[in-house]
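start-v1.pdb (PDB, C-alpha atoms)
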```pdb
ATOM      1  CA  MET A  71     -20.449   6.920  29.116  1.00  0.00           C
ATOM      2  CA  ARG A  72     -21.330   4.997  25.967  1.00  0.00           C
ATOM      3  CA  ARG A  73     -18.106   3.017  26.169  1.00  0.00           C
ATOM      4  CA  THR A  74     -18.673   2.263  29.862  1.00  0.00           C
ATOM      5  CA  LEU A  75     -22.163   0.894  29.214  1.00  0.00           C
ATOM      6  CA  LEU A  76     -20.903  -1.212  26.319  1.00  0.00           C
ATOM      7  CA  LEU A  77     -18.076  -2.588  28.443  1.00  0.00           C
ATOM      8  CA  ILE A  78     -20.475  -3.505  31.252  1.00  0.00           C
ATOM      9  CA  CYS A  79     -22.724  -5.219  28.711  1.00  0.00           C
ATOM     10  CA  TRP A  80     -19.717  -7.027  27.230  1.00  0.00           C
ATOM     11  CA  LEU A  81     -18.518  -8.274  30.608  1.00  0.00           C
ATOM     12  CA  ALA A  82     -22.013  -9.391  31.620  1.00  0.00           C
ATOM     13  CA  THR A  83     -22.594 -11.322  28.403  1.00  0.00           C
ATOM     14  CA  ASP A  84     -19.135 -12.879  28.587  1.00  0.00           C
ATOM     15  CA  ALA A  85     -19.875 -14.055  32.121  1.00  0.00           C
ATOM     16  CA  ALA A  86     -23.231 -15.485  31.027  1.00  0.00           C
ATOM     17  CA  LEU A  87     -21.638 -17.328  28.100  1.00  0.00           C
ATOM     18  CA  PHE A  88     -18.875 -18.716  30.316  1.00  0.00           C
ATOM     19  CA  ILE A  89     -21.458 -20.111  32.723  1.00  0.00           C
ATOM     20  CA  ALA A  90     -23.575 -21.408  29.825  1.00  0.00           C
ATOM     21  CA  ALA A  91     -20.562 -23.179  28.296  1.00  0.00           C
ATOM     22  CA  TYR A  92     -19.878 -25.038  31.530  1.00  0.00           C
ATOM     23  CA  ALA A  93     -23.568 -25.846  32.018  1.00  0.00           C
ATOM     24  CA  ILE A  94     -23.831 -27.297  28.504  1.00  0.00           C
ATOM     25  CA  ALA A  95     -20.634 -29.271  29.094  1.00  0.00           C
ATOM     26  CA  TYR A  96     -22.224 -30.753  32.220  1.00  0.00           C
ATOM     27  CA  PHE A  97     -25.312 -31.950  30.362  1.00  0.00           C
ATOM     28  CA  LEU A  98     -23.257 -33.257  27.440  1.00  0.00           C
ATOM     29  CA  ARG A  99     -21.272 -35.429  29.825  1.00  0.00           C
ATOM     30  CA  VAL A 100     -23.809 -36.331  32.519  1.00  0.00           C
ATOM     31  CA  GLY A 101     -27.015 -36.167  30.504  1.00  0.00           C
ATOM     32  CA  PHE A 102     -30.277 -34.483  31.361  1.00  0.00           C
ATOM     33  CA  ILE A 103     -30.934 -36.874  34.223  1.00  0.00           C
ATOM     34  CA  LEU A 104     -29.091 -35.198  37.092  1.00  0.00           C
ATOM     35  CA  SER A 105     -26.405 -37.266  38.784  1.00  0.00           C
ATOM     36  CA  SER A 106     -26.366 -37.681  42.551  1.00  0.00           C
ATOM     37  CA  ASP A 107     -22.640 -38.479  42.383  1.00  0.00           C
ATOM     38  CA  PHE A 108     -21.913 -35.166  40.697  1.00  0.00           C
ATOM     39  CA  PRO A 109     -24.594 -32.632  41.768  1.00  0.00           C
ATOM     40  CA  LEU A 110     -25.349 -29.810  39.370  1.00  0.00           C
ATOM     41  CA  SER A 111     -25.737 -27.345  42.254  1.00  0.00           C
ATOM     42  CA  LEU A 112     -22.177 -27.847  43.509  1.00  0.00           C
ATOM     43  CA  TYR A 113     -20.871 -27.715  39.962  1.00  0.00           C
ATOM     44  CA  LEU A 114     -22.597 -24.410  39.182  1.00  0.00           C
ATOM     45  CA  GLN A 115     -21.524 -22.915  42.508  1.00  0.00           C
ATOM     46  CA  THR A 116     -17.930 -23.548  41.521  1.00  0.00           C
ATOM     47  CA  VAL A 117     -18.471 -22.077  38.057  1.00  0.00           C
ATOM     48  CA  LEU A 118     -20.001 -18.942  39.582  1.00  0.00           C
ATOM     49  CA  THR A 119     -17.035 -18.638  41.928  1.00  0.00           C
ATOM     50  CA  VAL A 120     -14.523 -18.883  39.089  1.00  0.00           C
ATOM     51  CA  THR A 121     -16.330 -16.576  36.628  1.00  0.00           C
ATOM     52  CA  PRO A 122     -15.117 -13.248  38.143  1.00  0.00           C
ATOM     53  CA  LEU A 123     -11.551 -14.580  38.180  1.00  0.00           C
ATOM     54  CA  TRP A 124     -11.841 -15.557  34.528  1.00  0.00           C
ATOM     55  CA  LEU A 125     -13.117 -12.083  33.636  1.00  0.00           C
ATOM     56  CA  ALA A 126     -10.215 -10.553  35.561  1.00  0.00           C
ATOM     57  CA  VAL A 127      -7.805 -12.619  33.464  1.00  0.00           C
ATOM     58  CA  MET A 128      -9.491 -11.411  30.267  1.00  0.00           C
ATOM     59  CA  LEU A 129      -9.224  -7.805  31.425  1.00  0.00           C
ATOM     60  CA  GLN A 130      -5.584  -8.226  32.384  1.00  0.00           C
ATOM     61  CA  LEU A 131      -4.793  -9.628  28.940  1.00  0.00           C
ATOM     62  CA  GLY A 132      -6.262  -6.485  27.372  1.00  0.00           C
ATOM     63  CA  ILE A 133      -8.897  -8.376  25.405  1.00  0.00           C
ATOM     64  CA  PHE A 134     -11.501  -5.659  26.010  1.00  0.00           C
ATOM     65  CA  ARG A 135      -9.287  -2.747  24.930  1.00  0.00           C
ATOM     66  CA  LEU A 136     -10.650  -0.403  22.287  1.00  0.00           C
ATOM     67  CA  SER A 137      -7.517  -0.729  20.186  1.00  0.00           C
ATOM     68  CA  ARG A 138      -7.709  -4.528  20.200  1.00  0.00           C
ATOM     69  CA  VAL A 139      -8.880  -6.131  16.945  1.00  0.00           C
ATOM     70  CA  GLN A 140     -10.892  -9.136  18.072  1.00  0.00           C
ATOM     71  CA  SER A 141     -10.210 -11.124  14.888  1.00  0.00           C
ATOM     72  CA  ASP A 142      -6.457 -10.717  15.305  1.00  0.00           C
ATOM     73  CA  THR A 143      -4.519 -13.947  15.828  1.00  0.00           C
ATOM     74  CA  ARG A 144      -2.864 -12.590  18.953  1.00  0.00           C
ATOM     75  CA  ASN A 145      -6.216 -11.713  20.480  1.00  0.00           C
ATOM     76  CA  ILE A 146      -7.664 -15.151  19.737  1.00  0.00           C
ATOM     77  CA  SER A 147      -4.598 -16.752  21.310  1.00  0.00           C
ATOM     78  CA  HIS A 148      -5.217 -14.629  24.410  1.00  0.00           C
ATOM     79  CA  ILE A 149      -8.818 -15.839  24.547  1.00  0.00           C
ATOM     80  CA  LEU A 150      -7.541 -19.413  24.263  1.00  0.00           C
ATOM     81  CA  PHE A 151      -5.116 -18.784  27.110  1.00  0.00           C
ATOM     82  CA  ALA A 152      -7.934 -17.333  29.222  1.00  0.00           C
ATOM     83  CA  ALA A 153     -10.127 -20.367  28.475  1.00  0.00           C
ATOM     84  CA  VAL A 154      -7.366 -22.759  29.546  1.00  0.00           C
ATOM     85  CA  LEU A 155      -6.657 -20.733  32.665  1.00  0.00           C
ATOM     86  CA  GLY A 156     -10.369 -20.606  33.465  1.00  0.00           C
ATOM     87  CA  LEU A 157     -10.463 -24.377  33.176  1.00  0.00           C
ATOM     88  CA  ALA A 158      -7.498 -24.706  35.519  1.00  0.00           C
ATOM     89  CA  LEU A 159      -9.092 -22.336  38.029  1.00  0.00           C
ATOM     90  CA  PHE A 160     -12.330 -24.322  37.913  1.00  0.00           C
ATOM     91  CA  SER A 161     -10.509 -27.628  38.461  1.00  0.00           C
ATOM     92  CA  LEU A 162      -8.573 -26.266  41.427  1.00  0.00           C
ATOM     93  CA  ALA A 163     -11.630 -24.610  42.938  1.00  0.00           C
ATOM     94  CA  TYR A 164     -13.748 -27.748  42.634  1.00  0.00           C
ATOM     95  CA  TYR A 165     -10.987 -29.913  44.073  1.00  0.00           C
ATOM     96  CA  PHE A 166     -10.414 -27.674  47.089  1.00  0.00           C
ATOM     97  CA  LEU A 167     -14.115 -27.106  47.734  1.00  0.00           C
ATOM     98  CA  HIS A 168     -15.399 -30.633  47.124  1.00  0.00           C
ATOM     99  CA  ASP A 169     -12.304 -32.875  47.393  1.00  0.00           C
ATOM    100  CA  LYS A 170     -12.702 -34.715  44.097  1.00  0.00           C
ATOM    101  CA  PHE A 171     -13.766 -34.329  40.503  1.00  0.00           C
ATOM    102  CA  PHE A 172     -16.041 -36.398  38.318  1.00  0.00           C
ATOM    103  CA  SER A 173     -14.964 -36.377  34.679  1.00  0.00           C
ATOM    104  CA  ARG A 174     -11.955 -35.326  32.637  1.00  0.00           C
ATOM    105  CA  LEU A 175     -14.100 -35.401  29.494  1.00  0.00           C
ATOM    106  CA  LEU A 176     -16.363 -32.764  31.015  1.00  0.00           C
ATOM    107  CA  LEU A 177     -13.337 -30.499  31.419  1.00  0.00           C
ATOM    108  CA  ILE A 178     -12.505 -30.924  27.740  1.00  0.00           C
ATOM    109  CA  TYR A 179     -16.071 -30.058  26.752  1.00  0.00           C
ATOM    110  CA  ALA A 180     -16.101 -27.019  29.035  1.00  0.00           C
ATOM    111  CA  GLY A 181     -12.752 -25.736  27.794  1.00  0.00           C
ATOM    112  CA  ILE A 182     -13.658 -26.071  24.119  1.00  0.00           C
ATOM    113  CA  LEU A 183     -17.106 -24.547  24.528  1.00  0.00           C
ATOM    114  CA  SER A 184     -15.925 -21.612  26.643  1.00  0.00           C
ATOM    115  CA  PHE A 185     -13.262 -20.825  24.043  1.00  0.00           C
ATOM    116  CA  LEU A 186     -15.613 -21.089  21.056  1.00  0.00           C
ATOM    117  CA  PHE A 187     -18.389 -19.106  22.737  1.00  0.00           C
ATOM    118  CA  ALA A 188     -15.965 -16.319  23.666  1.00  0.00           C
ATOM    119  CA  VAL A 189     -14.389 -16.092  20.201  1.00  0.00           C
ATOM    120  CA  VAL A 190     -17.682 -16.044  18.292  1.00  0.00           C
ATOM    121  CA  TRP A 191     -19.280 -13.555  20.669  1.00  0.00           C
ATOM    122  CA  HIS A 192     -16.255 -11.248  20.704  1.00  0.00           C
ATOM    123  CA  LEU A 193     -16.170 -11.146  16.911  1.00  0.00           C
ATOM    124  CA  ALA A 194     -19.875 -10.283  16.774  1.00  0.00           C
ATOM    125  CA  PHE A 195     -19.834  -7.828  19.672  1.00  0.00           C
ATOM    126  CA  ASP A 196     -16.803  -6.004  18.304  1.00  0.00           C
ATOM    127  CA  GLN A 197     -18.594  -5.213  15.045  1.00  0.00           C
ATOM    128  CA  TRP A 198     -21.684  -3.978  16.866  1.00  0.00           C
ATOM    129  CA  GLN A 199     -19.601  -1.985  19.343  1.00  0.00           C
ATOM    130  CA  ARG A 200     -17.719  -0.219  16.556  1.00  0.00           C
ATOM    131  CA  GLN A 201     -20.990   0.880  14.957  1.00  0.00           C
ATOM    132  CA  MET A 202     -22.316   2.176  18.258  1.00  0.00           C
ATOM    133  CA  LEU A 203     -19.132   4.071  19.121  1.00  0.00           C
ATOM    134  CA  ARG A 204     -18.899   5.718  15.683  1.00  0.00           C
ATOM    135  CA  ARG A 205     -22.447   7.058  15.731  1.00  0.00           C
ATOM    136  CA  ASN A 206     -22.648  10.837  15.784  1.00  0.00           C
ATOM    137  CA  PRO A 207     -21.495  12.294  18.002  1.00  0.00           C
ATOM    138  CA  PRO A 208     -18.656   9.739  18.020  1.00  0.00           C
ATOM    139  CA  ALA A 209     -17.565   8.421  21.394  1.00  0.00           C
ATOM    140  CA  PHE A 210     -13.879   8.817  20.525  1.00  0.00           C
ATOM    141  CA  PRO A 211     -13.365  11.681  18.046  1.00  0.00           C
ATOM    142  CA  MET A 212      -9.788  11.869  16.819  1.00  0.00           C
ATOM    143  CA  LEU A 213      -7.915  14.973  15.703  1.00  0.00           C
ATOM    144  CA  VAL A 214      -5.293  14.340  13.021  1.00  0.00           C
ATOM    145  CA  VAL A 215      -2.210  16.574  12.880  1.00  0.00           C
ATOM    146  CA  GLY A 216      -0.486  16.474   9.512  1.00  0.00           C
ATOM    147  CA  ALA A 217      -1.878  16.637   5.991  1.00  0.00           C
ATOM    148  CA  ASN A 218       0.482  14.217   4.277  1.00  0.00           C
ATOM    149  CA  ARG A 219       0.073  10.815   2.638  1.00  0.00           C
ATOM    150  CA  GLU A 220       0.684   8.955   5.886  1.00  0.00           C
ATOM    151  CA  ALA A 221      -2.165  10.857   7.504  1.00  0.00           C
ATOM    152  CA  GLU A 222      -4.447  10.141   4.563  1.00  0.00           C
ATOM    153  CA  ARG A 223      -3.618   6.429   4.642  1.00  0.00           C
ATOM    154  CA  PHE A 224      -4.184   6.330   8.391  1.00  0.00           C
ATOM    155  CA  ILE A 225      -7.559   8.061   8.089  1.00  0.00           C
ATOM    156  CA  LYS A 226      -8.675   5.677   5.355  1.00  0.00           C
ATOM    157  CA  LEU A 227      -7.550   2.696   7.429  1.00  0.00           C
ATOM    158  CA  LEU A 228      -9.574   3.835  10.447  1.00  0.00           C
ATOM    159  CA  ASN A 229     -12.673   4.468   8.357  1.00  0.00           C
ATOM    160  CA  GLU A 230     -12.442   1.293   6.273  1.00  0.00           C
ATOM    161  CA  ARG A 231     -12.136  -0.863   9.376  1.00  0.00           C
ATOM    162  CA  ARG A 232     -14.754   1.197  11.213  1.00  0.00           C
ATOM    163  CA  SER A 233     -12.387   1.843  14.076  1.00  0.00           C
ATOM    164  CA  PRO A 234     -13.857   3.150  17.351  1.00  0.00           C
ATOM    165  CA  PHE A 235     -11.505   6.110  16.831  1.00  0.00           C
ATOM    166  CA  LYS A 236     -13.233   8.369  14.306  1.00  0.00           C
ATOM    167  CA  PRO A 237     -11.208  11.155  12.641  1.00  0.00           C
ATOM    168  CA  VAL A 238     -13.134  14.431  12.777  1.00  0.00           C
ATOM    169  CA  ALA A 239     -10.660  17.101  11.640  1.00  0.00           C
ATOM    170  CA  VAL A 240      -7.178  17.612  10.200  1.00  0.00           C
ATOM    171  CA  LEU A 241      -4.684  20.335  11.107  1.00  0.00           C
ATOM    172  CA  ASP A 242      -1.268  21.029   9.615  1.00  0.00           C
ATOM    173  CA  SER A 243       1.425  23.537  10.522  1.00  0.00           C
ATOM    174  CA  GLN A 244       1.678  24.652   6.890  1.00  0.00           C
ATOM    175  CA  GLY A 245      -1.998  24.363   6.116  1.00  0.00           C
ATOM    176  CA  SER A 246      -3.253  22.468   3.079  1.00  0.00           C
ATOM    177  CA  PRO A 247      -4.539  23.462  -0.370  1.00  0.00           C
ATOM    178  CA  HIS A 248      -7.175  20.748  -0.034  1.00  0.00           C
ATOM    179  CA  ARG A 249     -10.392  21.128   1.904  1.00  0.00           C
ATOM    180  CA  GLU A 250     -10.504  17.455   2.800  1.00  0.00           C
ATOM    181  CA  LEU A 251      -8.063  14.654   3.484  1.00  0.00           C
ATOM    182  CA  GLY A 252      -9.426  11.142   3.153  1.00  0.00           C
ATOM    183  CA  GLY A 253     -12.931  12.554   3.443  1.00  0.00           C
ATOM    184  CA  ILE A 254     -12.136  14.445   6.666  1.00  0.00           C
ATOM    185  CA  PRO A 255     -12.286  18.273   6.651  1.00  0.00           C
ATOM    186  CA  VAL A 256      -9.016  20.180   6.905  1.00  0.00           C
ATOM    187  CA  ALA A 257      -9.671  22.766   9.617  1.00  0.00           C
ATOM    188  CA  GLY A 258      -6.584  24.875   8.912  1.00  0.00           C
ATOM    189  CA  LYS A 259      -3.209  25.453  10.529  1.00  0.00           C
ATOM    190  CA  LEU A 260      -2.065  24.582  14.035  1.00  0.00           C
ATOM    191  CA  ASN A 261      -2.910  28.084  15.250  1.00  0.00           C
ATOM    192  CA  LYS A 262      -6.512  26.846  15.295  1.00  0.00           C
ATOM    193  CA  LEU A 263      -5.683  23.927  17.584  1.00  0.00           C
ATOM    194  CA  GLU A 264      -7.350  25.334  20.698  1.00  0.00           C
ATOM    195  CA  GLU A 265     -10.404  26.392  18.710  1.00  0.00           C
ATOM    196  CA  VAL A 266     -10.776  22.960  17.110  1.00  0.00           C
ATOM    197  CA  ILE A 267     -10.373  21.231  20.475  1.00  0.00           C
ATOM    198  CA  LYS A 268     -13.154  23.346  21.968  1.00  0.00           C
ATOM    199  CA  THR A 269     -15.403  22.718  18.970  1.00  0.00           C
ATOM    200  CA  MET A 270     -14.712  19.055  18.215  1.00  0.00           C
ATOM    201  CA  ARG A 271     -13.787  17.926  21.743  1.00  0.00           C
ATOM    202  CA  PRO A 272     -11.447  15.152  20.559  1.00  0.00           C
ATOM    203  CA  THR A 273     -10.531  12.385  22.964  1.00  0.00           C
ATOM    204  CA  HIS A 274      -7.461  11.430  20.912  1.00  0.00           C
ATOM    205  CA  LEU A 275      -4.891  13.306  18.858  1.00  0.00           C
ATOM    206  CA  VAL A 276      -2.642  11.510  16.396  1.00  0.00           C
ATOM    207  CA  GLN A 277       0.455  13.222  15.044  1.00  0.00           C
ATOM    208  CA  CYS A 278       1.311  12.181  11.490  1.00  0.00           C
ATOM    209  CA  SER A 279       3.878  14.907  10.701  1.00  0.00           C
ATOM    210  CA  ASN A 280       5.120  18.307  11.977  1.00  0.00           C
ATOM    211  CA  LEU A 281       7.759  16.774  14.239  1.00  0.00           C
ATOM    212  CA  GLU A 282       8.939  20.201  15.402  1.00  0.00           C
ATOM    213  CA  HIS A 283       5.595  20.738  17.148  1.00  0.00           C
ATOM    214  CA  THR A 284       5.655  17.490  19.131  1.00  0.00           C
ATOM    215  CA  ILE A 285       6.358  19.031  22.539  1.00  0.00           C
ATOM    216  CA  ASN A 286       3.655  21.663  22.104  1.00  0.00           C
ATOM    217  CA  LEU A 287       1.134  19.071  20.962  1.00  0.00           C
ATOM    218  CA  MET A 288       1.883  16.819  23.915  1.00  0.00           C
ATOM    219  CA  SER A 289       1.549  19.771  26.269  1.00  0.00           C
ATOM    220  CA  VAL A 290      -1.841  20.719  24.832  1.00  0.00           C
ATOM    221  CA  CYS A 291      -3.015  17.106  25.046  1.00  0.00           C
ATOM    222  CA  ARG A 292      -1.955  16.913  28.670  1.00  0.00           C
ATOM    223  CA  GLN A 293      -3.724  20.181  29.420  1.00  0.00           C
ATOM    224  CA  HIS A 294      -6.998  19.028  27.835  1.00  0.00           C
ATOM    225  CA  ARG A 295      -6.696  15.384  28.933  1.00  0.00           C
ATOM    226  CA  ILE A 296      -6.475  14.151  25.355  1.00  0.00           C
ATOM    227  CA  THR A 297      -4.732  10.883  24.541  1.00  0.00           C
ATOM    228  CA  TYR A 298      -1.693  11.626  22.382  1.00  0.00           C
ATOM    229  CA  LEU A 299      -0.635   9.203  19.625  1.00  0.00           C
ATOM    230  CA  LEU A 300       2.374   9.335  17.318  1.00  0.00           C
ATOM    231  CA  LEU A 301       2.899   7.515  14.036  1.00  0.00           C
ATOM    232  CA  PRO A 302       6.416   5.991  13.832  1.00  0.00           C
ATOM    233  CA  SER A 303       6.822   7.558  10.378  1.00  0.00           C
ATOM    234  CA  VAL A 304       7.048  10.983  12.046  1.00  0.00           C
ATOM    235  CA  LEU A 305      10.361   9.839  13.515  1.00  0.00           C
ATOM    236  CA  GLY A 306      11.500   8.515  10.159  1.00  0.00           C
ATOM    237  CA  ALA A 307      10.658   4.935  11.096  1.00  0.00           C
ATOM    238  CA  ILE A 308       8.657   2.631   8.873  1.00  0.00           C
ATOM    239  CA  ALA A 309       7.248   0.637  11.770  1.00  0.00           C
ATOM    240  CA  GLY A 310       7.418   0.658  15.521  1.00  0.00           C
ATOM    241  CA  SER A 311       5.784  -0.749  18.601  1.00  0.00           C
ATOM    242  CA  SER A 312       5.128   0.265  22.164  1.00  0.00           C
ATOM    243  CA  GLU A 313       7.286  -1.586  24.651  1.00  0.00           C
ATOM    244  CA  ILE A 314       7.995  -1.408  28.361  1.00  0.00           C
ATOM    245  CA  ILE A 315      11.581  -1.439  29.619  1.00  0.00           C
ATOM    246  CA  GLU A 316      12.063  -1.579  33.368  1.00  0.00           C
ATOM    247  CA  GLY A 317       8.602  -0.138  33.895  1.00  0.00           C
ATOM    248  CA  ARG A 318       8.971   2.745  31.405  1.00  0.00           C
ATOM    249  CA  SER A 319       7.034   2.951  28.136  1.00  0.00           C
ATOM    250  CA  VAL A 320       9.111   3.431  24.987  1.00  0.00           C
ATOM    251  CA  ILE A 321       8.556   3.316  21.228  1.00  0.00           C
ATOM    252  CA  MET A 322      10.694   0.542  19.782  1.00  0.00           C
ATOM    253  CA  VAL A 323      11.776   0.492  16.148  1.00  0.00           C
ATOM    254  CA  LYS A 324      13.585  -2.703  15.208  1.00  0.00           C
ATOM    255  CA  ASP A 325      16.264  -2.687  12.537  1.00  0.00           C
ATOM    256  CA  GLY A 326      17.918  -6.067  12.890  1.00  0.00           C
ATOM    257  CA  GLY A 327      19.738  -7.189  16.011  1.00  0.00           C
ATOM    258  CA  PHE A 328      17.552  -7.757  19.051  1.00  0.00           C
TER
END
```
Give the structure from the file, written as C-alpha cells.
Amino acid sequence: MRRTLLLICWLATDAALFIAAYAIAYFLRVGFILSSDFPLSLYLQTVLTVTPLWLAVMLQLGIFRLSRVQSDTRNISHILFAAVLGLALFSLAYYFLHDKFFSRLLLIYAGILSFLFAVVWHLAFDQWQRQMLRRNPPAFPMLVVGANREAERFIKLLNERRSPFKPVAVLDSQGSPHRELGGIPVAGKLNKLEEVIKTMRPTHLVQCSNLEHTINLMSVCRQHRITYLLLPSVLGAIAGSSEIIEGRSVIMVKDGGF
C-alpha cells in the first residue's frame, strides 16, 4: 500500500513537472504577453493530451521500478529518451490537431526543461522514497538465505545505499556461530524457514548460498507469493544479468564470446 501511494504521488508530480516545463518553455519563447498567433490554451491542451503518453513511456522503460537506481547512467539515458520522445509526441499532436507549429526554439526549451526537471526530481524523490519504504515495518522486508561473505557484502550494500529492500533475517542450512551477519540477526537453520516467513512476512527472498536447497526455496517462495532472487555467485559465477531469449527469462553469465 505504501509503495502504491508513493508511485501515485511520483506519477502525479512527474506529470505536473512535465506540464510546468512546457509552460515555462512557452513563456520563455513567447513572453508573458500572450500571443494570438500561438494561443496558450491550444498549446496547453496539446501538452495535457501528450502527458499520459509520456508517463506510459516512462513506465515502459522501467524508470519507476524499485530496483532502479535513479542516479545510474542508464536510468538518466532512459529519462533523456523519454524527454525526446515526449517532445516528438507533442510536435506530432500539435501538428495534427492544429495544422502548424510556431517555434522550433520553443521545442528545444521544452525538451531541455522536461529532461532537467525529471532528472532532478527523480534523484530527490528516490532518496525520500527509500527512507519511507525502509521505515519500520519495512515495505519490502527481505529474507537472506546463506551466512557467507557474499551474503554479508550484499546486506551491507543494501543498507549502505538505503535500498527499498531491507534485510530482516538470515537463515543458513548449516546454521551460523554468529548471532548477526552485517547487523542482521541470524534466525537459525533452514528448518525455521516457515516460522520466519510467518513472523517476518518477507516480500523478497535472496539466496546467497546453499545451492542444494534452491528448488525447495523456490517452491516455498511460490507458495507464499514471495519474490525469489539468486546471487550469481551461488552458481559459481562472479557476475550475471537477467536477459530474455525468445520471451523466456534467463540468467546470463558472460565469459568472452558473445
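Around the coordinate (-11.8, 10.3, 15.2), residues that reach within 7 Å when counting all atoms listed in the file are Phe210, Pro211, Met212, Leu213, Phe235, Lys236, Pro237 and Val238 of chain A.
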Using all atoms listed in the file, which of A:Leu251, A:Ala85, A:Ile149, A:Ala91 sits nearest Leu125 in chain A?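 Nearest to Leu125 in chain A: A:Ala85.
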Assuming the chain letters and numbering stay as they are in my file, what does the PyMOL selection byres ((chain A and resi 171) around 12) actually select? List them as a PyMOL selection string. chain A and resi 107-109+112-113+116+160-170+172-177
Considering all atoms listed in the file, state which residue in the set A:Ala93, A:Val266, A:Asn206, A:Leu275 is at the smallest distance from Ser111 in chain A.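 Using all atoms listed in the file, Ser111 in chain A sits closest to A:Ala93.
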The residues within 8 Å of (0.9, 14.8, 16.3), using only C-alpha atoms and the coordinates of the file, should be reported as a PDB file with C-alpha atoms, in the frame of the given file; which are they?
```pdb
ATOM      1  CA  VAL A 214      -5.293  14.340  13.021  1.00  0.00           C
ATOM      2  CA  VAL A 215      -2.210  16.574  12.880  1.00  0.00           C
ATOM      3  CA  GLY A 216      -0.486  16.474   9.512  1.00  0.00           C
ATOM      4  CA  LEU A 275      -4.891  13.306  18.858  1.00  0.00           C
ATOM      5  CA  VAL A 276      -2.642  11.510  16.396  1.00  0.00           C
ATOM      6  CA  GLN A 277       0.455  13.222  15.044  1.00  0.00           C
ATOM      7  CA  CYS A 278       1.311  12.181  11.490  1.00  0.00           C
ATOM      8  CA  SER A 279       3.878  14.907  10.701  1.00  0.00           C
ATOM      9  CA  ASN A 280       5.120  18.307  11.977  1.00  0.00           C
ATOM     10  CA  LEU A 281       7.759  16.774  14.239  1.00  0.00           C
ATOM     11  CA  HIS A 283       5.595  20.738  17.148  1.00  0.00           C
ATOM     12  CA  THR A 284       5.655  17.490  19.131  1.00  0.00           C
ATOM     13  CA  LEU A 287       1.134  19.071  20.962  1.00  0.00           C
ATOM     14  CA  MET A 288       1.883  16.819  23.915  1.00  0.00           C
ATOM     15  CA  TYR A 298      -1.693  11.626  22.382  1.00  0.00           C
ATOM     16  CA  LEU A 299      -0.635   9.203  19.625  1.00  0.00           C
ATOM     17  CA  LEU A 300       2.374   9.335  17.318  1.00  0.00           C
ATOM     18  CA  LEU A 301       2.899   7.515  14.036  1.00  0.00           C
TER      19      LEU A 301
END
```
Can you give me N, CA and C atoms for range 198-213 of chain A, written as a CSV table (one decimal), in the coordinates of the input?
```csv
chain,number,residue,atom,x,y,z
A,198,TRP,N,-20.6,-4.8,16.4
A,198,TRP,CA,-21.7,-4.0,16.9
A,198,TRP,C,-21.2,-2.8,17.7
A,199,GLN,N,-20.2,-3.0,18.5
A,199,GLN,CA,-19.6,-2.0,19.3
A,199,GLN,C,-19.0,-0.9,18.5
A,200,ARG,N,-18.3,-1.2,17.4
A,200,ARG,CA,-17.7,-0.2,16.6
A,200,ARG,C,-18.8,0.7,15.9
A,201,GLN,N,-19.9,0.1,15.5
A,201,GLN,CA,-21.0,0.9,15.0
A,201,GLN,C,-21.6,1.8,16.0
A,202,MET,N,-21.7,1.3,17.2
A,202,MET,CA,-22.3,2.2,18.3
A,202,MET,C,-21.4,3.3,18.6
A,203,LEU,N,-20.1,3.1,18.7
A,203,LEU,CA,-19.1,4.1,19.1
A,203,LEU,C,-18.9,5.1,18.0
A,204,ARG,N,-19.1,4.8,16.8
A,204,ARG,CA,-18.9,5.7,15.7
A,204,ARG,C,-20.1,6.6,15.4
A,205,ARG,N,-21.3,6.3,16.0
A,205,ARG,CA,-22.4,7.1,15.7
A,205,ARG,C,-22.2,8.5,16.2
A,206,ASN,N,-22.8,9.4,15.4
A,206,ASN,CA,-22.6,10.8,15.8
A,206,ASN,C,-23.5,11.2,17.0
A,207,PRO,N,-22.9,11.9,18.0
A,207,PRO,CA,-21.5,12.3,18.0
A,207,PRO,C,-20.6,11.1,18.4
A,208,PRO,N,-19.5,10.9,17.7
A,208,PRO,CA,-18.7,9.7,18.0
A,208,PRO,C,-18.2,9.7,19.5
A,209,ALA,N,-18.0,8.5,20.0
A,209,ALA,CA,-17.6,8.4,21.4
A,209,ALA,C,-16.1,8.8,21.5
A,210,PHE,N,-15.3,8.5,20.5
A,210,PHE,CA,-13.9,8.8,20.5
A,210,PHE,C,-13.4,9.6,19.3
A,211,PRO,N,-13.8,10.9,19.2
A,211,PRO,CA,-13.4,11.7,18.0
A,211,PRO,C,-11.9,11.9,18.1
A,212,MET,N,-11.2,11.8,16.9
A,212,MET,CA,-9.8,11.9,16.8
A,212,MET,C,-9.4,13.1,15.9
A,213,LEU,N,-8.5,13.8,16.5
A,213,LEU,CA,-7.9,15.0,15.7
A,213,LEU,C,-6.6,14.5,15.1
```
